[in-house]
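Text of the file input-v9.pdb, holding PDB, C-alpha atoms:
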ATOM      1  CA  MET A  85     107.282  35.131 -27.301
ATOM      2  CA  THR A  86     110.358  36.884 -26.019
ATOM      3  CA  ALA A  87     111.936  39.828 -27.796
ATOM      4  CA  SER A  88     114.948  37.897 -29.065
ATOM      5  CA  ALA A  89     112.696  35.164 -30.484
ATOM      6  CA  ALA A  90     110.625  37.794 -32.298
ATOM      7  CA  ILE A  91     113.782  39.390 -33.703
ATOM      8  CA  PHE A  92     114.972  35.948 -34.820
ATOM      9  CA  TYR A  93     111.763  35.234 -36.735
ATOM     10  CA  VAL A  94     111.824  38.679 -38.396
ATOM     11  CA  LEU A  95     115.479  38.282 -39.423
ATOM     12  CA  ALA A  96     114.900  34.725 -40.644
ATOM     13  CA  SER A  97     111.930  35.856 -42.752
ATOM     14  CA  ILE A  98     114.010  38.676 -44.264
ATOM     15  CA  ALA A  99     116.858  36.265 -45.011
ATOM     16  CA  VAL A 100     114.605  33.661 -46.639
ATOM     17  CA  LEU A 101     112.681  36.217 -48.706
ATOM     18  CA  SER A 102     115.802  37.983 -49.932
ATOM     19  CA  GLY A 103     117.340  34.553 -50.606
ATOM     20  CA  PHE A 104     114.430  33.873 -52.939
ATOM     21  CA  MET A 105     115.026  37.263 -54.544
ATOM     22  CA  VAL A 106     118.708  36.356 -55.076
ATOM     23  CA  ILE A 107     117.792  33.408 -57.266
ATOM     24  CA  GLY A 108     114.698  35.094 -58.708
ATOM     25  CA  SER A 109     115.990  38.454 -59.904
ATOM     26  CA  ARG A 110     116.639  38.872 -63.592
ATOM     27  CA  ASN A 111     119.347  41.461 -63.052
ATOM     28  CA  ALA A 112     122.552  40.115 -61.485
ATOM     29  CA  ILE A 113     123.168  43.377 -59.610
ATOM     30  CA  HIS A 114     119.781  43.062 -57.886
ATOM     31  CA  SER A 115     120.762  39.528 -56.879
ATOM     32  CA  ALA A 116     123.986  40.869 -55.380
ATOM     33  CA  ILE A 117     122.137  43.524 -53.365
ATOM     34  CA  TYR A 118     119.646  40.956 -52.057
ATOM     35  CA  LEU A 119     122.594  38.702 -51.188
ATOM     36  CA  VAL A 120     124.000  41.520 -49.025
ATOM     37  CA  LEU A 121     120.617  41.741 -47.278
ATOM     38  CA  THR A 122     120.670  37.975 -46.638
ATOM     39  CA  PHE A 123     124.218  38.123 -45.247
ATOM     40  CA  LEU A 124     123.361  41.012 -42.918
ATOM     41  CA  SER A 125     120.252  39.216 -41.623
ATOM     42  CA  VAL A 126     122.307  36.075 -40.998
ATOM     43  CA  ALA A 127     124.865  38.218 -39.140
ATOM     44  CA  GLY A 128     122.059  39.495 -36.918
ATOM     45  CA  ILE A 129     120.999  35.907 -36.237
ATOM     46  CA  TYR A 130     124.609  35.095 -35.274
ATOM     47  CA  VAL A 131     124.474  37.881 -32.683
ATOM     48  CA  LEU A 132     121.210  36.435 -31.339
ATOM     49  CA  LEU A 133     122.870  33.003 -31.112
ATOM     50  CA  GLU A 134     125.710  34.488 -29.022
ATOM     51  CA  ALA A 135     128.337  34.243 -31.748
ATOM     52  CA  GLU A 136     129.421  37.876 -31.914
ATOM     53  CA  PHE A 137     132.860  37.220 -33.419
ATOM     54  CA  VAL A 138     131.417  35.184 -36.290
ATOM     55  CA  ALA A 139     128.841  37.919 -36.866
ATOM     56  CA  ALA A 140     131.604  40.526 -37.195
ATOM     57  CA  VAL A 141     133.591  38.273 -39.544
ATOM     58  CA  GLN A 142     130.429  37.657 -41.562
ATOM     59  CA  VAL A 143     129.841  41.384 -42.063
ATOM     60  CA  LEU A 144     133.506  42.102 -42.867
ATOM     61  CA  VAL A 145     134.245  39.168 -45.173
ATOM     62  CA  TYR A 146     130.887  38.390 -46.789
ATOM     63  CA  ALA A 147     129.042  41.707 -46.906
ATOM     64  CA  GLY A 148     132.303  43.585 -47.449
ATOM     65  CA  GLY A 149     134.903  41.670 -49.405
ATOM     66  CA  ILE A 150     132.994  38.956 -51.236
ATOM     67  CA  MET A 151     130.232  41.295 -52.369
ATOM     68  CA  VAL A 152     132.735  43.814 -53.774
ATOM     69  CA  LEU A 153     134.295  40.923 -55.709
ATOM     70  CA  PHE A 154     130.876  39.875 -57.048
ATOM     71  CA  LEU A 155     129.988  43.424 -58.072
ATOM     72  CA  PHE A 156     133.336  43.917 -59.843
ATOM     73  CA  VAL A 157     132.862  40.760 -61.905
ATOM     74  CA  ILE A 158     129.226  41.638 -62.693
ATOM     75  CA  MET A 159     130.400  45.031 -63.955
ATOM     76  CA  LEU A 160     133.205  43.430 -65.987
ATOM     77  CA  VAL A 161     130.958  40.884 -67.718
ATOM     78  CA  ASN A 162     127.990  43.189 -68.103
ATOM     79  CA  LEU A 163     125.571  41.279 -70.317
ATOM     80  CA  GLU A 164     122.349  42.992 -69.270
ATOM     81  CA  ASP A 165     120.912  45.782 -71.328
ATOM     82  CA  SER A 166     121.370  49.213 -69.843
ATOM     83  CA  LEU A 167     119.152  50.588 -67.127
ATOM     84  CA  GLU A 168     119.429  54.186 -68.272
ATOM     85  CA  ASP A 169     115.700  54.859 -68.387
ATOM     86  CA  ARG A 170     115.026  53.758 -64.836
ATOM     87  CA  ILE A 171     118.180  54.983 -63.165
ATOM     88  CA  ARG A 172     116.828  58.487 -62.464
ATOM     89  CA  LEU A 173     113.776  57.205 -60.593
ATOM     90  CA  HIS A 174     115.888  54.673 -58.709
ATOM     91  CA  ALA A 175     118.417  57.330 -57.770
ATOM     92  CA  THR A 176     115.658  59.577 -56.429
ATOM     93  CA  ILE A 177     114.049  56.838 -54.343
ATOM     94  CA  SER A 178     117.408  55.605 -53.024
ATOM     95  CA  GLY A 179     118.455  59.145 -52.154
ATOM     96  CA  VAL A 180     115.247  59.809 -50.198
ATOM     97  CA  ILE A 181     115.502  56.528 -48.299
ATOM     98  CA  GLY A 182     119.209  57.035 -47.588
ATOM     99  CA  LEU A 183     118.644  60.559 -46.280
ATOM    100  CA  ALA A 184     115.766  59.324 -44.113
ATOM    101  CA  VAL A 185     117.954  56.609 -42.597
ATOM    102  CA  VAL A 186     120.784  59.080 -41.931
ATOM    103  CA  GLY A 187     118.321  61.484 -40.307
ATOM    104  CA  LEU A 188     116.878  58.714 -38.141
ATOM    105  CA  ILE A 189     120.322  57.593 -36.989
ATOM    106  CA  LEU A 190     121.368  61.183 -36.218
ATOM    107  CA  TYR A 191     118.099  61.745 -34.300
ATOM    108  CA  VAL A 192     118.518  58.618 -32.203
ATOM    109  CA  TYR A 193     122.170  59.470 -31.613
ATOM    110  CA  SER A 194     121.409  63.037 -30.528
ATOM    111  CA  THR A 195     118.686  61.977 -28.096
ATOM    112  CA  GLY A 196     121.084  59.532 -26.466
ATOM    113  CA  ARG A 197     118.657  56.639 -26.694
ATOM    114  CA  LEU A 198     121.248  54.351 -28.217
ATOM    115  CA  VAL A 199     121.354  51.775 -25.440
ATOM    116  CA  ALA A 200     122.245  48.114 -25.547
ATOM    117  CA  VAL A 201     119.235  45.817 -25.602
ATOM    118  CA  THR A 202     121.076  42.617 -24.776
ATOM    119  CA  THR A 203     122.640  41.622 -21.525
ATOM    120  CA  PRO A 204     125.519  44.036 -20.935
ATOM    121  CA  SER A 205     127.638  41.491 -19.123
ATOM    122  CA  THR A 206     128.785  39.641 -22.246
ATOM    123  CA  LEU A 207     128.652  42.300 -24.955
ATOM    124  CA  CYS A 208     130.359  45.066 -22.983
ATOM    125  CA  GLN A 209     133.295  42.769 -22.316
ATOM    126  CA  GLY A 210     133.766  42.151 -26.031
ATOM    127  CA  GLY A 211     131.416  39.212 -26.378
ATOM    128  CA  ASN A 212     133.037  35.844 -26.807
ATOM    129  CA  LEU A 213     135.921  37.270 -28.820
ATOM    130  CA  GLN A 214     138.545  36.325 -26.257
ATOM    131  CA  ALA A 215     137.276  32.774 -25.858
ATOM    132  CA  VAL A 216     137.125  32.201 -29.618
ATOM    133  CA  GLY A 217     140.584  33.734 -30.058
ATOM    134  CA  THR A 218     142.080  31.564 -27.346
ATOM    135  CA  SER A 219     140.571  28.439 -28.844
ATOM    136  CA  LEU A 220     141.653  29.462 -32.352
ATOM    137  CA  PHE A 221     145.272  30.173 -31.504
ATOM    138  CA  ARG A 222     145.881  27.490 -28.885
ATOM    139  CA  ASP A 223     143.932  24.417 -29.959
ATOM    140  CA  TYR A 224     143.542  25.096 -33.668
ATOM    141  CA  LEU A 225     146.779  26.852 -34.608
ATOM    142  CA  LEU A 226     147.755  24.360 -37.334
ATOM    143  CA  PRO A 227     144.367  24.514 -39.126
ATOM    144  CA  PHE A 228     144.585  28.298 -38.884
ATOM    145  CA  GLU A 229     147.936  28.333 -40.677
ATOM    146  CA  VAL A 230     146.690  25.816 -43.242
ATOM    147  CA  ALA A 231     143.741  28.138 -43.919
ATOM    148  CA  SER A 232     146.157  31.011 -44.533
ATOM    149  CA  ILE A 233     148.107  28.889 -47.014
ATOM    150  CA  LEU A 234     144.797  27.953 -48.679
ATOM    151  CA  LEU A 235     143.959  31.647 -49.064
ATOM    152  CA  LEU A 236     147.414  32.323 -50.526
ATOM    153  CA  VAL A 237     146.989  29.500 -53.048
ATOM    154  CA  ALA A 238     143.509  30.741 -53.941
ATOM    155  CA  MET A 239     144.870  34.247 -54.474
ATOM    156  CA  ILE A 240     147.653  33.024 -56.766
ATOM    157  CA  GLY A 241     145.213  30.788 -58.621
ATOM    158  CA  ALA A 242     142.746  33.625 -59.151
ATOM    159  CA  ILE A 243     145.501  35.893 -60.473
ATOM    160  CA  VAL A 244     146.767  33.210 -62.868
ATOM    161  CA  LEU A 245     143.248  32.399 -64.097
ATOM    162  CA  ALA A 246     142.110  35.976 -64.610
ATOM    163  CA  ARG A 247     145.372  37.299 -66.058
ATOM    164  CA  GLN A 248     145.197  38.900 -69.474
ATOM    165  CA  LYS A 249     147.102  36.743 -71.942
ATOM    166  CA  SER A 250     149.701  38.950 -73.552
TER
ATOM    167  CA  MET B  25     116.709  29.476 -24.193
ATOM    168  CA  PRO B  26     114.892  32.101 -26.248
ATOM    169  CA  VAL B  27     114.972  30.511 -29.712
ATOM    170  CA  PRO B  28     114.698  26.728 -29.930
ATOM    171  CA  ALA B  29     117.531  25.139 -31.886
ATOM    172  CA  THR B  30     115.023  23.285 -34.047
ATOM    173  CA  HIS B  31     113.751  26.538 -35.507
ATOM    174  CA  VAL B  32     117.290  27.664 -36.296
ATOM    175  CA  LEU B  33     117.913  24.354 -38.052
ATOM    176  CA  VAL B  34     114.689  24.702 -40.050
ATOM    177  CA  PHE B  35     115.772  28.191 -41.087
ATOM    178  CA  SER B  36     119.166  26.897 -42.170
ATOM    179  CA  LEU B  37     117.424  24.100 -44.102
ATOM    180  CA  LEU B  38     115.285  26.681 -45.915
ATOM    181  CA  LEU B  39     118.343  28.760 -46.811
ATOM    182  CA  PHE B  40     120.206  25.676 -48.051
ATOM    183  CA  SER B  41     117.227  24.625 -50.180
ATOM    184  CA  ILE B  42     117.012  28.096 -51.733
ATOM    185  CA  GLY B  43     120.705  27.904 -52.611
ATOM    186  CA  MET B  44     120.312  24.428 -54.094
ATOM    187  CA  LEU B  45     117.314  25.606 -56.136
ATOM    188  CA  GLY B  46     119.436  28.460 -57.474
ATOM    189  CA  VAL B  47     122.314  26.157 -58.428
ATOM    190  CA  LEU B  48     119.967  23.776 -60.199
ATOM    191  CA  THR B  49     117.779  26.286 -62.028
ATOM    192  CA  ARG B  50     119.840  29.347 -62.927
ATOM    193  CA  ARG B  51     122.030  29.621 -66.028
ATOM    194  CA  ASN B  52     124.104  32.635 -65.026
ATOM    195  CA  ALA B  53     127.386  31.409 -63.519
ATOM    196  CA  ILE B  54     127.621  34.393 -61.157
ATOM    197  CA  ILE B  55     124.161  33.658 -59.721
ATOM    198  CA  ILE B  56     125.212  30.025 -59.283
ATOM    199  CA  LEU B  57     128.228  31.175 -57.247
ATOM    200  CA  MET B  58     125.919  33.370 -55.133
ATOM    201  CA  SER B  59     123.677  30.350 -54.508
ATOM    202  CA  ILE B  60     126.696  28.349 -53.371
ATOM    203  CA  GLU B  61     127.422  31.166 -50.913
ATOM    204  CA  LEU B  62     123.852  30.854 -49.605
ATOM    205  CA  MET B  63     124.386  27.133 -49.029
ATOM    206  CA  MET B  64     127.679  27.756 -47.207
ATOM    207  CA  ASN B  65     125.902  30.308 -45.011
ATOM    208  CA  ALA B  66     123.270  27.707 -44.163
ATOM    209  CA  ALA B  67     126.007  25.275 -43.116
ATOM    210  CA  ASN B  68     127.539  28.013 -40.964
ATOM    211  CA  ILE B  69     124.207  28.646 -39.246
ATOM    212  CA  ASN B  70     124.088  24.947 -38.395
ATOM    213  CA  PHE B  71     127.568  25.161 -36.828
ATOM    214  CA  ILE B  72     126.555  28.172 -34.741
ATOM    215  CA  ALA B  73     123.234  26.651 -33.688
ATOM    216  CA  PHE B  74     124.861  23.431 -32.472
ATOM    217  CA  SER B  75     127.665  25.416 -30.855
ATOM    218  CA  ARG B  76     125.094  27.213 -28.710
ATOM    219  CA  GLN B  77     122.989  24.121 -28.103
ATOM    220  CA  LEU B  78     125.931  22.008 -26.920
ATOM    221  CA  ASN B  79     127.631  24.954 -25.191
ATOM    222  CA  ASN B  80     130.820  24.254 -27.128
ATOM    223  CA  LEU B  81     132.941  26.919 -28.804
ATOM    224  CA  VAL B  82     134.438  24.648 -31.478
ATOM    225  CA  GLY B  83     131.504  25.250 -33.816
ATOM    226  CA  GLN B  84     132.236  28.964 -33.914
ATOM    227  CA  VAL B  85     135.934  28.356 -34.574
ATOM    228  CA  PHE B  86     135.067  25.978 -37.400
ATOM    229  CA  SER B  87     132.657  28.447 -38.976
ATOM    230  CA  VAL B  88     135.531  30.954 -39.177
ATOM    231  CA  PHE B  89     137.424  28.357 -41.238
ATOM    232  CA  THR B  90     134.337  27.872 -43.399
ATOM    233  CA  ILE B  91     134.208  31.605 -44.106
ATOM    234  CA  ALA B  92     137.899  31.572 -45.095
ATOM    235  CA  VAL B  93     137.317  28.657 -47.490
ATOM    236  CA  ALA B  94     134.252  30.425 -48.929
ATOM    237  CA  ALA B  95     136.307  33.557 -49.592
ATOM    238  CA  GLY B  96     138.972  31.561 -51.453
ATOM    239  CA  GLU B  97     136.305  29.656 -53.388
ATOM    240  CA  VAL B  98     134.608  32.864 -54.516
ATOM    241  CA  ALA B  99     137.914  34.371 -55.668
ATOM    242  CA  VAL B 100     138.814  31.322 -57.765
ATOM    243  CA  GLY B 101     135.248  30.867 -59.018
ATOM    244  CA  LEU B 102     134.944  34.452 -60.190
ATOM    245  CA  ALA B 103     138.358  34.197 -61.877
ATOM    246  CA  VAL B 104     137.056  31.126 -63.729
ATOM    247  CA  VAL B 105     133.954  33.115 -64.753
ATOM    248  CA  LEU B 106     136.176  35.944 -66.020
ATOM    249  CA  ALA B 107     138.354  33.539 -68.016
ATOM    250  CA  LEU B 108     135.205  31.915 -69.416
ATOM    251  CA  PHE B 109     133.802  35.278 -70.468
ATOM    252  CA  ARG B 110     137.089  36.262 -72.056
ATOM    253  CA  ASN B 111     137.375  33.063 -74.102
ATOM    254  CA  ARG B 112     133.726  32.349 -74.895
ATOM    255  CA  ASP B 113     131.870  35.662 -74.551
ATOM    256  CA  THR B 114     129.262  34.060 -72.324
ATOM    257  CA  ILE B 115     128.711  33.267 -68.671
ATOM    258  CA  TYR B 116     125.644  31.096 -69.231
ATOM    259  CA  VAL B 117     126.574  27.591 -68.211
ATOM    260  CA  ASP B 118     124.284  25.868 -70.714
ATOM    261  CA  GLN B 119     126.208  27.460 -73.580
ATOM    262  CA  VAL B 120     129.485  25.936 -72.370
ATOM    263  CA  HIS B 121     129.229  22.246 -73.163
ATOM    264  CA  ILE B 122     132.545  21.553 -74.837
ATOM    265  CA  MET B 123     133.503  19.043 -72.126
ATOM    266  CA  LYS B 124     130.132  17.346 -72.183
ATOM    267  CA  GLY B 125     130.463  13.648 -73.004
TER
END
If you convert what's in this file into C-alpha coordinates, what do you get?
Amino acid sequence: MTASAAIFYVLASIAVLSGFMVIGSRNAIHSAIYLVLTFLSVAGIYVLLEAEFVAAVQVLVYAGGIMVLFLFVIMLVNLEDSLEDRIRLHATISGVIGLAVVGLILYVYSTGRLVAVTTPSTLCQGGNLQAVGTSLFRDYLLPFEVASILLLVAMIGAIVLARQKS
Amino acid sequence: MPVPATHVLVFSLLLFSIGMLGVLTRRNAIIILMSIELMMNAANINFIAFSRQLNNLVGQVFSVFTIAVAAGEVAVGLAVVLALFRNRDTIYVDQVHIMKG
(Lines of atoms letter the chains of each structure in order from A and count residues from 1; the text may use other names and numbers.)
(Lines give C-alpha, C1' and ligand atoms only; values in the text may rest on other atoms or scores of the structure.)
Protein backbone atom coordinates (compact mmCIF):
# COMPACT_ATOMS: atom_id res chain seq x y z
CA MET A 1 0.00 0.00 0.00
CA THR A 2 1.47 3.33 -0.97
CA ALA A 3 1.65 6.27 1.41
CA SER A 4 -1.09 8.26 -0.30
CA ALA A 5 -3.43 5.25 -0.23
CA ALA A 6 -2.78 4.82 3.50
CA ILE A 7 -3.46 8.52 4.10
CA PHE A 8 -6.68 8.21 2.08
CA TYR A 9 -7.96 5.31 4.18
CA VAL A 10 -7.10 7.11 7.44
CA LEU A 11 -8.82 10.32 6.31
CA ALA A 12 -11.85 8.40 5.02
CA SER A 13 -12.18 6.55 8.34
CA ILE A 14 -11.98 9.85 10.25
CA ALA A 15 -14.59 11.42 7.97
CA VAL A 16 -17.01 8.49 8.26
CA LEU A 17 -16.63 8.19 12.04
CA SER A 18 -17.06 11.91 12.66
CA GLY A 19 -19.99 11.85 10.22
CA PHE A 20 -21.63 9.29 12.48
CA MET A 21 -20.86 11.53 15.45
CA VAL A 22 -22.53 14.47 13.65
CA ILE A 23 -25.85 12.66 13.52
CA GLY A 24 -25.31 10.85 16.82
CA SER A 25 -24.38 13.64 19.22
CA ARG A 26 -27.05 14.91 21.56
CA ASN A 27 -25.54 18.38 21.76
CA ALA A 28 -25.80 20.41 18.55
CA ILE A 29 -22.47 22.14 19.21
CA HIS A 30 -20.71 18.76 19.33
CA SER A 31 -22.33 17.94 15.99
CA ALA A 32 -20.97 21.19 14.55
CA ILE A 33 -17.44 20.44 15.77
CA TYR A 34 -17.56 16.92 14.32
CA LEU A 35 -18.87 18.42 11.07
CA VAL A 36 -15.74 20.62 10.93
CA LEU A 37 -13.63 17.47 11.38
CA THR A 38 -15.49 15.77 8.51
CA PHE A 39 -15.02 18.80 6.24
CA LEU A 40 -11.29 18.99 6.99
CA SER A 41 -10.83 15.26 6.31
CA VAL A 42 -12.70 15.62 3.01
CA ALA A 43 -10.44 18.58 2.15
CA GLY A 44 -7.43 16.35 2.74
CA ILE A 45 -8.93 13.73 0.43
CA TYR A 46 -9.40 16.45 -2.23
CA VAL A 47 -5.67 17.20 -2.01
CA LEU A 48 -4.92 13.48 -2.43
CA LEU A 49 -7.20 13.42 -5.50
CA GLU A 50 -5.23 16.30 -7.05
CA ALA A 51 -7.96 18.90 -6.58
CA GLU A 52 -6.04 21.48 -4.58
CA PHE A 53 -8.25 24.45 -5.49
CA VAL A 54 -11.42 22.67 -4.38
CA ALA A 55 -9.66 21.66 -1.16
CA ALA A 56 -8.82 25.31 -0.42
CA VAL A 57 -12.39 26.40 -1.22
CA GLN A 58 -13.70 23.60 0.99
CA VAL A 59 -11.65 24.79 3.97
CA LEU A 60 -12.52 28.47 3.41
CA VAL A 61 -16.23 28.14 2.66
CA TYR A 62 -17.30 25.04 4.59
CA ALA A 63 -14.98 24.88 7.59
CA GLY A 64 -14.85 28.68 7.79
CA GLY A 65 -18.02 30.41 6.70
CA ILE A 66 -20.73 27.77 6.90
CA MET A 67 -19.61 26.50 10.30
CA VAL A 68 -19.60 30.03 11.77
CA LEU A 69 -23.16 30.40 10.47
CA PHE A 70 -24.17 27.09 12.08
CA LEU A 71 -22.58 28.00 15.40
CA PHE A 72 -24.26 31.43 15.44
CA VAL A 73 -27.70 29.90 14.91
CA ILE A 74 -27.05 27.17 17.50
CA MET A 75 -26.13 29.88 20.01
CA LEU A 76 -29.20 31.94 19.09
CA VAL A 77 -31.67 29.06 19.48
CA ASN A 78 -29.96 27.50 22.46
CA LEU A 79 -32.37 24.81 23.65
CA GLU A 80 -29.89 22.57 25.44
CA ASP A 81 -29.45 22.80 29.16
CA SER A 82 -26.28 24.52 30.25
CA LEU A 83 -22.93 22.78 30.35
CA GLU A 84 -21.62 24.77 33.29
CA ASP A 85 -20.58 21.77 35.36
CA ARG A 86 -18.44 20.20 32.68
CA ILE A 87 -17.01 23.31 31.09
CA ARG A 88 -14.04 23.56 33.48
CA LEU A 89 -12.83 20.03 32.74
CA HIS A 90 -13.38 20.53 29.02
CA ALA A 91 -11.50 23.82 29.08
CA THR A 92 -8.55 22.18 30.84
CA ILE A 93 -8.36 19.26 28.42
CA SER A 94 -8.77 21.52 25.37
CA GLY A 95 -6.11 23.89 26.67
CA VAL A 96 -3.60 21.07 27.20
CA ILE A 97 -4.24 19.59 23.76
CA GLY A 98 -4.09 23.00 22.09
CA LEU A 99 -0.80 23.87 23.77
CA ALA A 100 0.63 20.48 22.81
CA VAL A 101 -0.32 21.02 19.16
CA VAL A 102 1.17 24.53 19.15
CA GLY A 103 4.37 23.18 20.71
CA LEU A 104 4.58 20.38 18.15
CA ILE A 105 4.10 22.79 15.24
CA LEU A 106 6.71 25.19 16.64
CA TYR A 107 9.14 22.28 17.16
CA VAL A 108 8.71 20.98 13.62
CA TYR A 109 8.99 24.52 12.27
CA SER A 110 12.18 25.27 14.21
CA THR A 111 13.89 22.05 13.12
CA GLY A 112 13.15 22.88 9.49
CA ARG A 113 11.65 19.48 8.78
CA LEU A 114 8.57 20.98 7.18
CA VAL A 115 9.06 19.56 3.70
CA ALA A 116 6.53 18.75 1.02
CA VAL A 117 5.64 15.08 0.83
CA THR A 118 3.93 15.19 -2.54
CA THR A 119 5.48 15.70 -5.91
CA PRO A 120 6.88 19.23 -5.93
CA SER A 121 6.27 19.75 -9.62
CA THR A 122 2.53 20.38 -9.31
CA LEU A 123 2.15 21.80 -5.81
CA CYS A 124 5.04 24.26 -5.99
CA GLN A 125 3.56 25.76 -9.13
CA GLY A 126 0.26 26.42 -7.37
CA GLY A 127 -1.38 23.09 -8.07
CA ASN A 128 -4.11 23.10 -10.66
CA LEU A 129 -5.31 26.56 -9.66
CA GLN A 130 -4.45 28.12 -13.01
CA ALA A 131 -6.11 25.38 -15.03
CA VAL A 132 -9.29 25.51 -12.95
CA GLY A 133 -9.34 29.31 -13.13
CA THR A 134 -8.91 29.31 -16.88
CA SER A 135 -11.70 26.80 -17.32
CA LEU A 136 -13.94 28.69 -14.89
CA PHE A 137 -13.54 32.10 -16.48
CA ARG A 138 -13.34 31.10 -20.14
CA ASP A 139 -15.69 28.16 -20.63
CA TYR A 140 -18.01 28.62 -17.67
CA LEU A 141 -18.25 32.40 -17.30
CA LEU A 142 -22.06 32.54 -17.59
CA PRO A 143 -22.68 29.85 -14.93
CA PHE A 144 -20.19 31.67 -12.72
CA GLU A 145 -22.17 34.91 -12.96
CA VAL A 146 -25.44 33.04 -12.44
CA ALA A 147 -23.95 31.54 -9.27
CA SER A 148 -23.09 35.03 -8.03
CA ILE A 149 -26.67 36.17 -8.65
CA LEU A 150 -27.88 33.05 -6.81
CA LEU A 151 -25.72 33.98 -3.82
CA LEU A 152 -27.07 37.55 -3.90
CA VAL A 153 -30.66 36.27 -3.95
CA ALA A 154 -29.90 33.85 -1.12
CA MET A 155 -28.39 36.68 0.92
CA ILE A 156 -31.43 38.92 0.42
CA GLY A 157 -33.76 36.02 1.17
CA ALA A 158 -31.93 35.16 4.38
CA ILE A 159 -32.05 38.78 5.54
CA VAL A 160 -35.78 39.05 4.79
CA LEU A 161 -36.54 35.74 6.52
CA ALA A 162 -34.49 36.37 9.64
CA ARG A 163 -35.39 40.05 10.05
CA GLN A 164 -36.96 41.06 13.33
CA LYS A 165 -40.54 42.14 12.71
CA SER A 166 -40.89 45.64 14.07
CA MET B 1 -2.95 5.45 -9.60
CA PRO B 2 -2.54 5.27 -5.83
CA VAL B 3 -6.17 5.12 -4.69
CA PRO B 4 -8.64 3.24 -6.89
CA ALA B 5 -11.65 5.32 -7.86
CA THR B 6 -13.97 2.57 -6.64
CA HIS B 7 -12.81 3.08 -3.07
CA VAL B 8 -13.39 6.82 -3.32
CA LEU B 9 -16.90 6.16 -4.61
CA VAL B 10 -17.58 3.72 -1.77
CA PHE B 11 -16.41 6.36 0.70
CA SER B 12 -18.69 8.95 -0.87
CA LEU B 13 -21.56 6.44 -0.73
CA LEU B 14 -20.93 5.92 2.99
CA LEU B 15 -20.90 9.67 3.63
CA PHE B 16 -24.11 10.14 1.64
CA SER B 17 -25.82 7.32 3.56
CA ILE B 18 -24.80 8.87 6.88
CA GLY B 19 -26.29 12.18 5.77
CA MET B 20 -29.50 10.51 4.62
CA LEU B 21 -29.75 8.65 7.94
CA GLY B 22 -29.40 11.97 9.75
CA VAL B 23 -32.11 13.64 7.66
CA LEU B 24 -34.48 10.75 8.22
CA THR B 25 -33.89 10.16 11.93
CA ARG B 26 -33.07 13.46 13.62
CA ARG B 27 -35.68 15.95 14.85
CA ASN B 28 -33.44 18.98 15.30
CA ALA B 29 -33.68 21.15 12.17
CA ILE B 30 -30.08 22.35 12.50
CA ILE B 31 -28.78 18.76 12.57
CA ILE B 32 -30.91 18.03 9.49
CA LEU B 33 -29.22 20.93 7.68
CA MET B 34 -25.81 19.56 8.73
CA SER B 35 -26.78 16.16 7.31
CA ILE B 36 -27.74 17.80 4.03
CA GLU B 37 -24.26 19.35 3.98
CA LEU B 38 -22.78 15.87 4.45
CA MET B 39 -24.75 14.62 1.45
CA MET B 40 -23.61 17.57 -0.69
CA ASN B 41 -20.02 16.82 0.32
CA ALA B 42 -20.49 13.22 -0.80
CA ALA B 43 -21.72 14.43 -4.19
CA ASN B 44 -18.68 16.71 -4.43
CA ILE B 45 -16.35 13.79 -3.71
CA ASN B 46 -17.97 11.94 -6.60
CA PHE B 47 -17.31 14.91 -8.92
CA ILE B 48 -13.66 15.05 -7.87
CA ALA B 49 -13.17 11.29 -8.13
CA PHE B 50 -14.56 11.15 -11.67
CA SER B 51 -12.64 14.29 -12.59
CA ARG B 52 -9.40 12.51 -11.71
CA GLN B 53 -10.45 9.20 -13.22
CA LEU B 54 -11.43 10.72 -16.57
CA ASN B 55 -8.61 13.29 -16.48
CA ASN B 56 -11.13 16.07 -17.04
CA LEU B 57 -11.15 19.36 -15.13
CA VAL B 58 -14.88 20.05 -15.53
CA GLY B 59 -15.72 18.03 -12.43
CA GLN B 60 -13.63 20.33 -10.27
CA VAL B 61 -15.22 23.43 -11.79
CA PHE B 62 -18.68 22.00 -11.17
CA SER B 63 -17.88 21.17 -7.56
CA VAL B 64 -17.03 24.85 -7.01
CA PHE B 65 -20.57 25.67 -8.18
CA THR B 66 -21.92 23.01 -5.83
CA ILE B 67 -20.11 24.63 -2.90
CA ALA B 68 -21.59 28.03 -3.84
CA VAL B 69 -25.11 26.56 -3.97
CA ALA B 70 -24.52 24.81 -0.62
CA ALA B 71 -23.47 28.11 0.97
CA GLY B 72 -26.64 29.85 -0.26
CA GLU B 73 -28.78 26.91 0.85
CA VAL B 74 -27.32 26.97 4.36
CA ALA B 75 -27.89 30.72 4.68
CA VAL B 76 -31.55 30.46 3.66
CA GLY B 77 -32.10 27.27 5.66
CA LEU B 78 -30.71 28.74 8.85
CA ALA B 79 -32.80 31.89 8.33
CA VAL B 80 -35.87 29.63 8.06
CA VAL B 81 -34.82 27.90 11.30
CA LEU B 82 -34.45 31.29 13.01
CA ALA B 83 -37.88 32.43 11.80
CA LEU B 84 -39.35 29.11 12.96
CA PHE B 85 -37.79 29.49 16.40
CA ARG B 86 -39.01 33.06 16.67
CA ASN B 87 -42.61 32.19 15.77
CA ARG B 88 -42.96 28.74 17.35
CA ASP B 89 -40.28 28.51 20.05
CA THR B 90 -39.09 25.18 18.69
CA ILE B 91 -36.70 23.85 16.09
CA TYR B 92 -37.88 20.24 16.33
CA VAL B 93 -39.46 19.39 13.02
CA ASP B 94 -42.00 16.94 14.45
CA GLN B 95 -43.56 19.74 16.50
CA VAL B 96 -44.21 21.81 13.36
CA HIS B 97 -47.06 20.06 11.58
CA ILE B 98 -49.39 22.93 10.81
CA MET B 99 -49.08 22.30 7.06
CA LYS B 100 -49.53 18.57 7.41
CA GLY B 101 -52.51 17.35 5.39
Quiz item: What do you get, as a PyMOL selection string, if you spell out every residue that the ChimeraX specification (/B :<6) & /A selects here?
Solution: chain A and resi 89+107+235+238+242+245-246
Axis-aligned box for segment 106-119 of chain B, 8 Å per side, centre and edges in Å as JSON:
{"center_x": 131.3, "center_y": 31.1, "center_z": -70.5, "size_x": 30.1, "size_y": 26.4, "size_z": 24.9}
Quiz item: What does the PyMOL selection byres ((chain A and resi 156) around 12) select in this file, as a list in words?
Solution: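 After applying the PyMOL selection byres ((chain A and resi 156) around 12), what remains is Ala112, Ile113, Ala116, Gly149, Ile150, Met151, Val152, Leu153, Phe154, Leu155, Val157, Ile158, Met159, Leu160, Val161 and Asn162 of chain A; Ile54, Ala99, Leu102, Ala103, Val105 and Leu106 of chain B.
Atom to atom, atom CA of Ala135 of chain A and atom CA of Ile60 of chain B stand 22.5 Å apart.
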Practice problem: Between atom CA of Ala127 of chain A and atom CA of Gln142 of chain A, measure the distance and give it in Å to one decimal. | Solution: 6.1 Å
Practice problem: Report the distance between atom CA of Glu134 of chain A and atom CA of Asn212 of chain A in Å, rounded to one decimal place. | Solution: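 Distance reported for this atom pair: 7.8 Å.
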